[in-house]
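Q: Structure file final-v9.cif, mmCIF, N, CA and C atoms, is pasted below:
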data_target
loop_
_atom_site.label_atom_id
_atom_site.label_comp_id
_atom_site.auth_asym_id
_atom_site.auth_seq_id
_atom_site.Cartn_x
_atom_site.Cartn_y
_atom_site.Cartn_z
N MET W 1 -74.74 145.59 46.78
CA MET W 1 -74.27 144.23 46.76
C MET W 1 -74.26 143.69 48.18
N ASN W 2 -74.95 142.58 48.39
CA ASN W 2 -75.04 141.96 49.71
C ASN W 2 -74.22 140.68 49.74
N LEU W 3 -73.22 140.66 50.61
CA LEU W 3 -72.31 139.54 50.72
C LEU W 3 -72.39 138.95 52.12
N LEU W 4 -72.13 137.66 52.21
CA LEU W 4 -72.15 136.95 53.48
C LEU W 4 -70.77 136.36 53.74
N VAL W 5 -70.26 136.60 54.94
CA VAL W 5 -68.99 136.00 55.38
C VAL W 5 -69.33 134.95 56.43
N LEU W 6 -68.90 133.73 56.19
CA LEU W 6 -69.16 132.63 57.10
C LEU W 6 -67.86 132.18 57.75
N HIS W 7 -67.87 132.15 59.08
CA HIS W 7 -66.73 131.67 59.86
C HIS W 7 -67.17 130.39 60.56
N GLY W 8 -66.41 129.33 60.38
CA GLY W 8 -66.78 128.05 60.96
C GLY W 8 -66.22 127.80 62.35
N ILE W 9 -66.14 126.55 62.64
CA ILE W 9 -65.83 126.05 63.98
C ILE W 9 -64.47 126.54 64.49
N ASN W 10 -64.45 126.95 65.73
CA ASN W 10 -63.27 127.39 66.47
C ASN W 10 -62.72 128.75 66.03
N LEU W 11 -63.29 129.36 65.01
CA LEU W 11 -62.73 130.62 64.53
C LEU W 11 -63.03 131.78 65.47
N ASN W 12 -63.96 131.57 66.37
CA ASN W 12 -64.19 132.55 67.43
C ASN W 12 -62.99 132.62 68.38
N MET W 13 -62.07 131.71 68.25
CA MET W 13 -60.88 131.65 69.11
C MET W 13 -59.66 132.31 68.47
N PHE W 14 -59.82 132.93 67.29
CA PHE W 14 -58.71 133.69 66.71
C PHE W 14 -58.16 134.64 67.76
N GLY W 15 -56.87 134.80 67.81
CA GLY W 15 -56.23 135.67 68.77
C GLY W 15 -55.88 134.96 70.07
N GLN W 16 -56.48 133.80 70.30
CA GLN W 16 -56.23 133.02 71.50
C GLN W 16 -55.67 131.64 71.18
N ARG W 17 -55.88 131.18 69.97
CA ARG W 17 -55.57 129.81 69.58
C ARG W 17 -54.40 129.80 68.59
N ASP W 18 -53.36 129.10 68.90
CA ASP W 18 -52.26 128.80 67.99
C ASP W 18 -51.81 130.01 67.16
N PRO W 19 -51.25 131.03 67.83
CA PRO W 19 -50.86 132.24 67.10
C PRO W 19 -49.80 131.99 66.02
N ALA W 20 -49.06 130.91 66.11
CA ALA W 20 -48.09 130.60 65.06
C ALA W 20 -48.78 130.38 63.71
N HIS W 21 -49.99 129.82 63.74
CA HIS W 21 -50.73 129.58 62.50
C HIS W 21 -51.74 130.68 62.20
N TYR W 22 -52.32 131.26 63.25
CA TYR W 22 -53.45 132.16 63.03
C TYR W 22 -53.17 133.62 63.39
N GLY W 23 -52.01 133.91 63.95
CA GLY W 23 -51.68 135.29 64.30
C GLY W 23 -52.40 135.73 65.56
N SER W 24 -52.36 137.03 65.82
CA SER W 24 -52.92 137.57 67.05
C SER W 24 -54.25 138.29 66.83
N ALA W 25 -54.68 138.45 65.60
CA ALA W 25 -55.96 139.13 65.32
C ALA W 25 -57.11 138.29 65.84
N THR W 26 -58.10 138.97 66.43
CA THR W 26 -59.30 138.30 66.89
C THR W 26 -60.33 138.23 65.77
N LEU W 27 -61.38 137.46 65.98
CA LEU W 27 -62.45 137.42 64.99
C LEU W 27 -63.09 138.80 64.85
N ALA W 28 -63.21 139.53 65.94
CA ALA W 28 -63.74 140.90 65.87
C ALA W 28 -62.85 141.78 65.00
N ASP W 29 -61.52 141.59 65.08
CA ASP W 29 -60.59 142.34 64.23
C ASP W 29 -60.82 142.00 62.76
N VAL W 30 -60.98 140.71 62.47
CA VAL W 30 -61.21 140.27 61.10
C VAL W 30 -62.51 140.88 60.56
N ASP W 31 -63.57 140.78 61.36
CA ASP W 31 -64.86 141.31 60.92
C ASP W 31 -64.80 142.82 60.71
N ALA W 32 -64.11 143.53 61.59
CA ALA W 32 -63.99 145.00 61.44
C ALA W 32 -63.23 145.35 60.16
N ALA W 33 -62.16 144.62 59.88
CA ALA W 33 -61.39 144.87 58.65
C ALA W 33 -62.25 144.59 57.42
N LEU W 34 -63.04 143.53 57.47
CA LEU W 34 -63.94 143.22 56.36
C LEU W 34 -64.99 144.30 56.17
N GLN W 35 -65.53 144.81 57.25
CA GLN W 35 -66.53 145.88 57.16
C GLN W 35 -65.94 147.14 56.54
N ARG W 36 -64.72 147.49 56.97
CA ARG W 36 -64.06 148.68 56.41
C ARG W 36 -63.85 148.52 54.91
N LEU W 37 -63.31 147.38 54.51
CA LEU W 37 -63.05 147.15 53.09
C LEU W 37 -64.35 147.09 52.30
N ALA W 38 -65.35 146.45 52.84
CA ALA W 38 -66.65 146.38 52.15
C ALA W 38 -67.18 147.78 51.87
N GLY W 39 -67.04 148.67 52.85
CA GLY W 39 -67.48 150.06 52.64
C GLY W 39 -66.74 150.71 51.49
N GLU W 40 -65.43 150.48 51.43
CA GLU W 40 -64.63 151.04 50.33
C GLU W 40 -65.06 150.48 48.98
N LEU W 41 -65.53 149.23 48.98
CA LEU W 41 -65.91 148.56 47.74
C LEU W 41 -67.40 148.69 47.43
N SER W 42 -68.10 149.51 48.20
CA SER W 42 -69.54 149.73 48.03
C SER W 42 -70.34 148.43 48.14
N ALA W 43 -69.96 147.62 49.09
CA ALA W 43 -70.65 146.36 49.34
C ALA W 43 -71.12 146.33 50.79
N ARG W 44 -72.15 145.54 51.04
CA ARG W 44 -72.65 145.31 52.39
C ARG W 44 -72.23 143.90 52.78
N VAL W 45 -71.63 143.76 53.96
CA VAL W 45 -71.16 142.47 54.42
C VAL W 45 -71.82 142.12 55.75
N GLU W 46 -72.36 140.92 55.82
CA GLU W 46 -72.84 140.36 57.08
C GLU W 46 -71.90 139.23 57.46
N CYS W 47 -71.42 139.22 58.69
CA CYS W 47 -70.52 138.18 59.18
C CYS W 47 -71.26 137.27 60.15
N PHE W 48 -71.03 135.97 60.03
CA PHE W 48 -71.69 134.97 60.87
C PHE W 48 -70.68 133.92 61.26
N GLN W 49 -70.62 133.60 62.55
CA GLN W 49 -69.75 132.55 63.06
C GLN W 49 -70.55 131.60 63.92
N THR W 50 -70.26 130.31 63.80
CA THR W 50 -70.88 129.32 64.65
C THR W 50 -69.94 128.14 64.84
N ASN W 51 -70.13 127.46 65.97
CA ASN W 51 -69.43 126.21 66.25
C ASN W 51 -70.35 125.01 66.08
N HIS W 52 -71.49 125.23 65.42
CA HIS W 52 -72.49 124.18 65.23
C HIS W 52 -72.71 123.98 63.73
N GLU W 53 -72.36 122.82 63.25
CA GLU W 53 -72.41 122.52 61.82
C GLU W 53 -73.80 122.75 61.23
N GLY W 54 -74.82 122.30 61.91
CA GLY W 54 -76.19 122.49 61.42
C GLY W 54 -76.56 123.95 61.32
N ALA W 55 -76.09 124.76 62.26
CA ALA W 55 -76.37 126.21 62.22
C ALA W 55 -75.71 126.85 61.00
N LEU W 56 -74.52 126.39 60.65
CA LEU W 56 -73.86 126.93 59.46
C LEU W 56 -74.65 126.54 58.21
N CYS W 57 -75.11 125.29 58.15
CA CYS W 57 -75.93 124.86 57.01
C CYS W 57 -77.22 125.67 56.93
N GLU W 58 -77.86 125.90 58.07
CA GLU W 58 -79.08 126.71 58.08
C GLU W 58 -78.82 128.13 57.59
N ARG W 59 -77.68 128.71 57.96
CA ARG W 59 -77.37 130.07 57.52
C ARG W 59 -77.11 130.10 56.01
N ILE W 60 -76.50 129.04 55.50
CA ILE W 60 -76.29 128.94 54.05
C ILE W 60 -77.65 128.83 53.35
N HIS W 61 -78.56 128.03 53.89
CA HIS W 61 -79.91 127.93 53.31
C HIS W 61 -80.59 129.29 53.29
N GLN W 62 -80.43 130.05 54.38
CA GLN W 62 -81.03 131.39 54.43
C GLN W 62 -80.39 132.31 53.39
N ALA W 63 -79.09 132.16 53.19
CA ALA W 63 -78.42 132.96 52.15
C ALA W 63 -79.02 132.68 50.78
N HIS W 64 -79.36 131.43 50.52
CA HIS W 64 -80.01 131.08 49.26
C HIS W 64 -81.38 131.75 49.16
N ARG W 65 -82.16 131.67 50.24
CA ARG W 65 -83.49 132.29 50.23
C ARG W 65 -83.39 133.81 50.08
N ASP W 66 -82.34 134.40 50.67
CA ASP W 66 -82.14 135.85 50.59
C ASP W 66 -81.49 136.29 49.28
N ALA W 67 -81.06 135.33 48.46
CA ALA W 67 -80.40 135.61 47.19
C ALA W 67 -79.19 136.54 47.38
N VAL W 68 -78.31 136.19 48.33
CA VAL W 68 -77.10 137.00 48.52
C VAL W 68 -76.29 136.99 47.23
N ASP W 69 -75.47 138.01 47.07
CA ASP W 69 -74.69 138.15 45.85
C ASP W 69 -73.37 137.39 45.88
N GLY W 70 -72.94 136.95 47.05
CA GLY W 70 -71.70 136.19 47.15
C GLY W 70 -71.45 135.74 48.57
N VAL W 71 -70.66 134.67 48.71
CA VAL W 71 -70.33 134.12 50.02
C VAL W 71 -68.82 133.94 50.12
N LEU W 72 -68.26 134.48 51.19
CA LEU W 72 -66.86 134.27 51.56
C LEU W 72 -66.88 133.32 52.74
N ILE W 73 -66.16 132.20 52.66
CA ILE W 73 -66.24 131.21 53.73
C ILE W 73 -64.88 130.71 54.17
N ASN W 74 -64.71 130.67 55.48
CA ASN W 74 -63.64 129.93 56.15
C ASN W 74 -64.36 128.97 57.07
N ALA W 75 -64.49 127.75 56.65
CA ALA W 75 -65.23 126.75 57.43
C ALA W 75 -64.39 126.14 58.54
N GLY W 76 -63.13 126.57 58.67
CA GLY W 76 -62.27 125.97 59.69
C GLY W 76 -62.08 124.49 59.40
N ALA W 77 -62.06 123.69 60.44
CA ALA W 77 -61.83 122.25 60.28
C ALA W 77 -62.91 121.57 59.45
N TRP W 78 -64.11 122.15 59.39
CA TRP W 78 -65.16 121.56 58.56
C TRP W 78 -64.80 121.56 57.09
N THR W 79 -63.86 122.41 56.70
CA THR W 79 -63.38 122.43 55.31
C THR W 79 -62.98 121.02 54.88
N HIS W 80 -62.37 120.29 55.79
CA HIS W 80 -61.75 119.01 55.48
C HIS W 80 -62.64 117.82 55.84
N THR W 81 -63.79 118.09 56.45
CA THR W 81 -64.59 116.98 56.98
C THR W 81 -66.07 117.01 56.60
N SER W 82 -66.61 118.15 56.22
CA SER W 82 -68.07 118.27 56.15
C SER W 82 -68.62 118.23 54.73
N ILE W 83 -69.18 117.09 54.40
CA ILE W 83 -69.92 116.99 53.15
C ILE W 83 -71.26 117.72 53.29
N ALA W 84 -71.79 117.79 54.51
CA ALA W 84 -73.05 118.51 54.74
C ALA W 84 -72.91 119.99 54.38
N ILE W 85 -71.82 120.62 54.81
CA ILE W 85 -71.60 122.03 54.47
C ILE W 85 -71.36 122.18 52.98
N ARG W 86 -70.62 121.28 52.40
CA ARG W 86 -70.38 121.30 50.95
C ARG W 86 -71.71 121.23 50.20
N ASP W 87 -72.58 120.30 50.62
CA ASP W 87 -73.87 120.15 49.94
C ASP W 87 -74.76 121.38 50.13
N ALA W 88 -74.71 122.00 51.31
CA ALA W 88 -75.48 123.23 51.53
C ALA W 88 -74.96 124.33 50.60
N LEU W 89 -73.66 124.47 50.49
CA LEU W 89 -73.08 125.49 49.60
C LEU W 89 -73.45 125.25 48.15
N ALA W 90 -73.60 123.98 47.77
CA ALA W 90 -73.93 123.65 46.38
C ALA W 90 -75.30 124.19 45.97
N ILE W 91 -76.15 124.51 46.94
CA ILE W 91 -77.47 125.06 46.66
C ILE W 91 -77.37 126.49 46.13
N LEU W 92 -76.33 127.20 46.55
CA LEU W 92 -76.20 128.62 46.22
C LEU W 92 -76.01 128.84 44.72
N GLN W 93 -76.57 129.94 44.25
CA GLN W 93 -76.43 130.34 42.85
C GLN W 93 -75.39 131.44 42.69
N CYS W 94 -74.81 131.89 43.78
CA CYS W 94 -73.88 133.02 43.75
C CYS W 94 -72.43 132.52 43.86
N PRO W 95 -71.47 133.40 43.56
CA PRO W 95 -70.06 133.03 43.71
C PRO W 95 -69.70 132.76 45.18
N ILE W 96 -68.79 131.81 45.35
CA ILE W 96 -68.25 131.44 46.66
C ILE W 96 -66.74 131.57 46.57
N VAL W 97 -66.13 132.17 47.59
CA VAL W 97 -64.67 132.24 47.69
C VAL W 97 -64.29 131.64 49.04
N GLU W 98 -63.34 130.72 49.04
CA GLU W 98 -62.86 130.05 50.25
C GLU W 98 -61.59 130.72 50.74
N VAL W 99 -61.51 130.97 52.03
CA VAL W 99 -60.31 131.58 52.60
C VAL W 99 -59.89 130.84 53.87
N HIS W 100 -58.59 130.95 54.17
CA HIS W 100 -58.02 130.40 55.40
C HIS W 100 -56.88 131.31 55.84
N MET W 101 -56.78 131.54 57.14
CA MET W 101 -55.69 132.36 57.69
C MET W 101 -54.35 131.67 57.48
N SER W 102 -54.30 130.36 57.72
CA SER W 102 -53.05 129.63 57.57
C SER W 102 -53.00 128.98 56.19
N ASN W 103 -51.81 128.56 55.78
CA ASN W 103 -51.66 127.85 54.51
C ASN W 103 -51.99 126.38 54.76
N ILE W 104 -53.21 125.98 54.45
CA ILE W 104 -53.65 124.63 54.74
C ILE W 104 -52.83 123.58 53.97
N HIS W 105 -52.20 123.98 52.89
CA HIS W 105 -51.42 123.05 52.07
C HIS W 105 -50.01 122.83 52.63
N ALA W 106 -49.61 123.64 53.60
CA ALA W 106 -48.29 123.50 54.23
C ALA W 106 -48.41 122.90 55.63
N ARG W 107 -49.61 122.45 55.96
CA ARG W 107 -49.85 121.91 57.29
C ARG W 107 -50.03 120.40 57.23
N GLU W 108 -50.67 119.83 58.21
CA GLU W 108 -50.86 118.38 58.27
C GLU W 108 -51.57 117.88 57.02
N PRO W 109 -51.22 116.68 56.57
CA PRO W 109 -51.81 116.16 55.33
C PRO W 109 -53.35 116.15 55.30
N PHE W 110 -54.00 115.91 56.45
CA PHE W 110 -55.46 115.87 56.43
C PHE W 110 -56.07 117.22 56.10
N ARG W 111 -55.30 118.31 56.25
CA ARG W 111 -55.81 119.65 55.93
C ARG W 111 -55.66 119.99 54.44
N HIS W 112 -55.00 119.17 53.68
CA HIS W 112 -54.75 119.49 52.28
C HIS W 112 -55.99 119.36 51.41
N HIS W 113 -56.96 118.56 51.83
CA HIS W 113 -58.18 118.39 51.04
C HIS W 113 -59.28 119.32 51.54
N SER W 114 -59.94 119.98 50.61
CA SER W 114 -61.07 120.84 50.93
C SER W 114 -62.31 120.34 50.19
N PHE W 115 -63.37 120.07 50.94
CA PHE W 115 -64.64 119.72 50.32
C PHE W 115 -65.29 120.93 49.66
N ILE W 116 -64.85 122.13 50.04
CA ILE W 116 -65.43 123.37 49.53
C ILE W 116 -64.78 123.81 48.21
N ALA W 117 -63.52 123.51 48.03
CA ALA W 117 -62.74 124.03 46.90
C ALA W 117 -63.40 123.78 45.55
N GLY W 118 -64.02 122.64 45.37
CA GLY W 118 -64.65 122.32 44.09
C GLY W 118 -65.84 123.20 43.75
N LEU W 119 -66.42 123.84 44.75
CA LEU W 119 -67.55 124.74 44.54
C LEU W 119 -67.14 126.20 44.46
N ALA W 120 -65.96 126.49 44.97
CA ALA W 120 -65.51 127.88 45.10
C ALA W 120 -64.91 128.38 43.79
N ARG W 121 -65.03 129.69 43.56
CA ARG W 121 -64.38 130.32 42.41
C ARG W 121 -62.88 130.32 42.61
N GLY W 122 -62.45 130.31 43.89
CA GLY W 122 -61.03 130.29 44.21
C GLY W 122 -60.84 130.13 45.69
N GLN W 123 -59.58 129.88 46.05
CA GLN W 123 -59.19 129.68 47.44
C GLN W 123 -57.97 130.54 47.74
N ILE W 124 -58.03 131.27 48.85
CA ILE W 124 -56.90 132.10 49.27
C ILE W 124 -56.53 131.66 50.67
N CYS W 125 -55.26 131.33 50.88
CA CYS W 125 -54.85 130.86 52.20
C CYS W 125 -53.42 131.25 52.49
N GLY W 126 -53.12 131.35 53.79
CA GLY W 126 -51.75 131.56 54.23
C GLY W 126 -51.35 132.98 54.51
N PHE W 127 -52.26 133.94 54.37
CA PHE W 127 -51.91 135.35 54.53
C PHE W 127 -52.56 136.00 55.74
N GLY W 128 -52.98 135.21 56.71
CA GLY W 128 -53.60 135.76 57.91
C GLY W 128 -54.85 136.54 57.55
N VAL W 129 -55.05 137.67 58.20
CA VAL W 129 -56.23 138.50 57.95
C VAL W 129 -56.29 138.91 56.48
N ASP W 130 -55.14 139.10 55.86
CA ASP W 130 -55.14 139.48 54.44
C ASP W 130 -55.80 138.43 53.56
N SER W 131 -55.81 137.17 53.98
CA SER W 131 -56.54 136.16 53.20
C SER W 131 -58.00 136.55 53.07
N TYR W 132 -58.59 137.00 54.17
CA TYR W 132 -59.98 137.45 54.14
C TYR W 132 -60.15 138.68 53.25
N LEU W 133 -59.24 139.63 53.35
CA LEU W 133 -59.38 140.87 52.58
C LEU W 133 -59.17 140.61 51.09
N LEU W 134 -58.18 139.80 50.75
CA LEU W 134 -57.99 139.42 49.35
C LEU W 134 -59.21 138.65 48.85
N GLY W 135 -59.74 137.78 49.69
CA GLY W 135 -60.92 137.01 49.33
C GLY W 135 -62.13 137.90 49.09
N LEU W 136 -62.29 138.92 49.93
CA LEU W 136 -63.41 139.85 49.75
C LEU W 136 -63.27 140.61 48.44
N ARG W 137 -62.07 141.07 48.15
CA ARG W 137 -61.85 141.76 46.86
C ARG W 137 -62.21 140.85 45.69
N ALA W 138 -61.76 139.61 45.75
CA ALA W 138 -62.06 138.66 44.68
C ALA W 138 -63.56 138.40 44.60
N LEU W 139 -64.20 138.25 45.75
CA LEU W 139 -65.64 137.97 45.76
C LEU W 139 -66.42 139.13 45.16
N VAL W 140 -66.07 140.35 45.50
CA VAL W 140 -66.77 141.51 44.93
C VAL W 140 -66.65 141.49 43.41
N GLY W 141 -65.46 141.23 42.89
CA GLY W 141 -65.29 141.14 41.45
C GLY W 141 -66.12 140.04 40.82
N GLN W 142 -66.13 138.88 41.47
CA GLN W 142 -66.92 137.75 40.94
C GLN W 142 -68.42 138.05 41.01
N ALA W 143 -68.85 138.66 42.09
CA ALA W 143 -70.27 138.98 42.24
C ALA W 143 -70.70 140.04 41.23
N GLN W 144 -69.85 141.05 41.00
CA GLN W 144 -70.17 142.06 40.00
C GLN W 144 -70.31 141.43 38.62
N ALA W 145 -69.42 140.53 38.29
CA ALA W 145 -69.48 139.86 36.99
C ALA W 145 -70.75 139.01 36.89
N ALA W 146 -71.12 138.33 37.96
CA ALA W 146 -72.33 137.49 37.94
C ALA W 146 -73.59 138.33 37.81
N ILE W 147 -73.60 139.50 38.46
CA ILE W 147 -74.76 140.38 38.41
C ILE W 147 -74.97 140.91 36.99
N LYS W 148 -73.88 141.16 36.27
CA LYS W 148 -73.96 141.72 34.91
C LYS W 148 -74.49 140.71 33.92
N LYS W 149 -74.41 139.42 34.22
CA LYS W 149 -74.87 138.38 33.27
C LYS W 149 -76.36 138.39 33.10
#
Could I get this structure in the form of structure tokens?
A:
Amino acid sequence: MNLLVLHGINLNMFGQRDPAHYGSATLADVDAALQRLAGELSARVECFQTNHEGALCERIHQAHRDAVDGVLINAGAWTHTSIAIRDALAILQCPIVEVHMSNIHAREPFRHHSFIAGLARGQICGFGVDSYLLGLRALVGQAQAAIKK
């Protein structure tokens, strides 16, 4: 099972940016935890981070061409602003799970809306690094179910 983890804008600053919302884990810590869990779940995970919206859309297009089995995404602030990323994700035929380190629904009102949520099988937020790990577990289950169809 080949899964793609997408990290959006500013997420390379985990561990340095606003620890009250994002904790002290770095993006490298998140990716390492995802790799460990993926191994336990017999899945292969590729992690990709960019601060360029077009690059994220291009990586999503490549995921479609590669026929990945599932996508785990934390688009960062683009969650609330990018119809372009939403439209790129809509191309995918595989399950999508949305995650956020912080609880976006307990933060500023502009963060309450997600352009991604309508395409995702589910959204997990507010649990720090565990949001990613819970999201990966959910994605593996969704991808396994989709593969069996």
Q: Write out as a ChimeraX atom specification each polymer residue whose atoms come within 7 Å of segment 128-144 of chain W, counting only C-alpha atoms; drop sequence neighbours fewer than 5 positions from it.
A: /W:22-23,30,34,69-70,72,95,97,99-102
Q: Contacts of Gly8 of chain W at 9 Å or less, counting only C-alpha atoms, minus same-chain residues fewer than 2 places along, as a compact mmCIF listing (two decimals) with N, CA and C atoms, in the frame of the given file?
A:
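For reference, part_31.txt as written:
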# COMPACT_ATOMS: atom_id res chain seq x y z
N LEU W 6 -68.90 133.73 56.19
CA LEU W 6 -69.16 132.63 57.10
C LEU W 6 -67.86 132.18 57.75
N ASN W 10 -64.45 126.95 65.73
CA ASN W 10 -63.27 127.39 66.47
C ASN W 10 -62.72 128.75 66.03
N LEU W 11 -63.29 129.36 65.01
CA LEU W 11 -62.73 130.62 64.53
C LEU W 11 -63.03 131.78 65.47
N ASN W 12 -63.96 131.57 66.37
CA ASN W 12 -64.19 132.55 67.43
C ASN W 12 -62.99 132.62 68.38
N PHE W 48 -71.03 135.97 60.03
CA PHE W 48 -71.69 134.97 60.87
C PHE W 48 -70.68 133.92 61.26
N GLN W 49 -70.62 133.60 62.55
CA GLN W 49 -69.75 132.55 63.06
C GLN W 49 -70.55 131.60 63.92
N THR W 50 -70.26 130.31 63.80
CA THR W 50 -70.88 129.32 64.65
C THR W 50 -69.94 128.14 64.84
N ASN W 51 -70.13 127.46 65.97
CA ASN W 51 -69.43 126.21 66.25
C ASN W 51 -70.35 125.01 66.08
N HIS W 52 -71.49 125.23 65.42
CA HIS W 52 -72.49 124.18 65.23
C HIS W 52 -72.71 123.98 63.73
N GLU W 53 -72.36 122.82 63.25
CA GLU W 53 -72.41 122.52 61.82
C GLU W 53 -73.80 122.75 61.23
N LEU W 56 -74.52 126.39 60.65
CA LEU W 56 -73.86 126.93 59.46
C LEU W 56 -74.65 126.54 58.21
N ILE W 73 -66.16 132.20 52.66
CA ILE W 73 -66.24 131.21 53.73
C ILE W 73 -64.88 130.71 54.17
N ASN W 74 -64.71 130.67 55.48
CA ASN W 74 -63.64 129.93 56.15
C ASN W 74 -64.36 128.97 57.07
N ALA W 75 -64.49 127.75 56.65
CA ALA W 75 -65.23 126.75 57.43
C ALA W 75 -64.39 126.14 58.54
N GLY W 76 -63.13 126.57 58.67
CA GLY W 76 -62.27 125.97 59.69
C GLY W 76 -62.08 124.49 59.40
N ALA W 77 -62.06 123.69 60.44
CA ALA W 77 -61.83 122.25 60.28
C ALA W 77 -62.91 121.57 59.45
N TRP W 78 -64.11 122.15 59.39
CA TRP W 78 -65.16 121.56 58.56
C TRP W 78 -64.80 121.56 57.09
N THR W 79 -63.86 122.41 56.70
CA THR W 79 -63.38 122.43 55.31
C THR W 79 -62.98 121.02 54.88
Q: Counting only N, CA and C atoms, note down every residue that has an atom within 7 Å of the point (-67.5, 124.7, 46.5) (file coordinates), as a list in words.
A: Arg86, Leu89, Ala90, Ile96, Phe115, Ile116, Ala117, Gly118, Leu119, Ala120 and Arg121 of chain W
Q: By how many Å are atom C of Ala145 of chain W and atom CA of Met1 of chain W apart?
A: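 Taking atom C of Ala145 of chain W as the start and atom CA of Met1 of chain W as the end point, the length is 11.7 Å.
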Q: Would you return as a list in words the members of chain W that DSSP assigns to strand (DSSP E) on this structure's backbone?
A: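 So, restricting chain W to strand (DSSP E), we get Asn2, Leu3, Leu4, Val5, Leu6, His7, Arg44, Val45, Glu46, Cys47, Phe48, Gln49, Gly70, Val71, Leu72, Ile73, Asn74, Ile96, Val97, Glu98, Val99, His100, Gly122, Gln123, Ile124 and Cys125 of chain W.
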Q: Which residues would end up in the selection if the PyMOL selection byres ((chain W and resi 59-64) around 6.5) were applied here, given that I need the answer as a PyMOL selection string?
A: chain W and resi 54-58+65-68+88-89+91-93
Q: I need the residue nearest Asp31 of chain W from this list: W:Arg17, W:Cys47, W:Ala146, W:Ile85. Use only N, CA and C atoms for the distance.
A: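 Closest to Asp31 of chain W, using only N, CA and C atoms: W:Cys47.
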Q: Quick one: of W:Ala20, W:Val71, W:Asp87, W:His80, who's nearest to Pro109 of chain W, counting only C-alpha atoms?
A: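 Counting only C-alpha atoms, the residue closest to Pro109 of chain W is W:His80.
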Q: Quote the spacing between atom C of His21 of chain W and atom N of Ala33 of chain W in Å to one decimal place.
A: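 About the pair atom C of His21 of chain W and atom N of Ala33 of chain W: they are 17.6 Å apart.
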Q: Distance atom N of Gly126 of chain W-atom CA of Gln16 of chain W, one decimal place?
A: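 About the pair atom N of Gly126 of chain W and atom CA of Gln16 of chain W: they are 18.1 Å apart.
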Q: Point out the residue among W:Leu27, W:Arg36, W:Lys148, W:Glu46 with the least atom-to-atom distance to Gly15 of chain W, counting only N, CA and C atoms.
A: W:Leu27
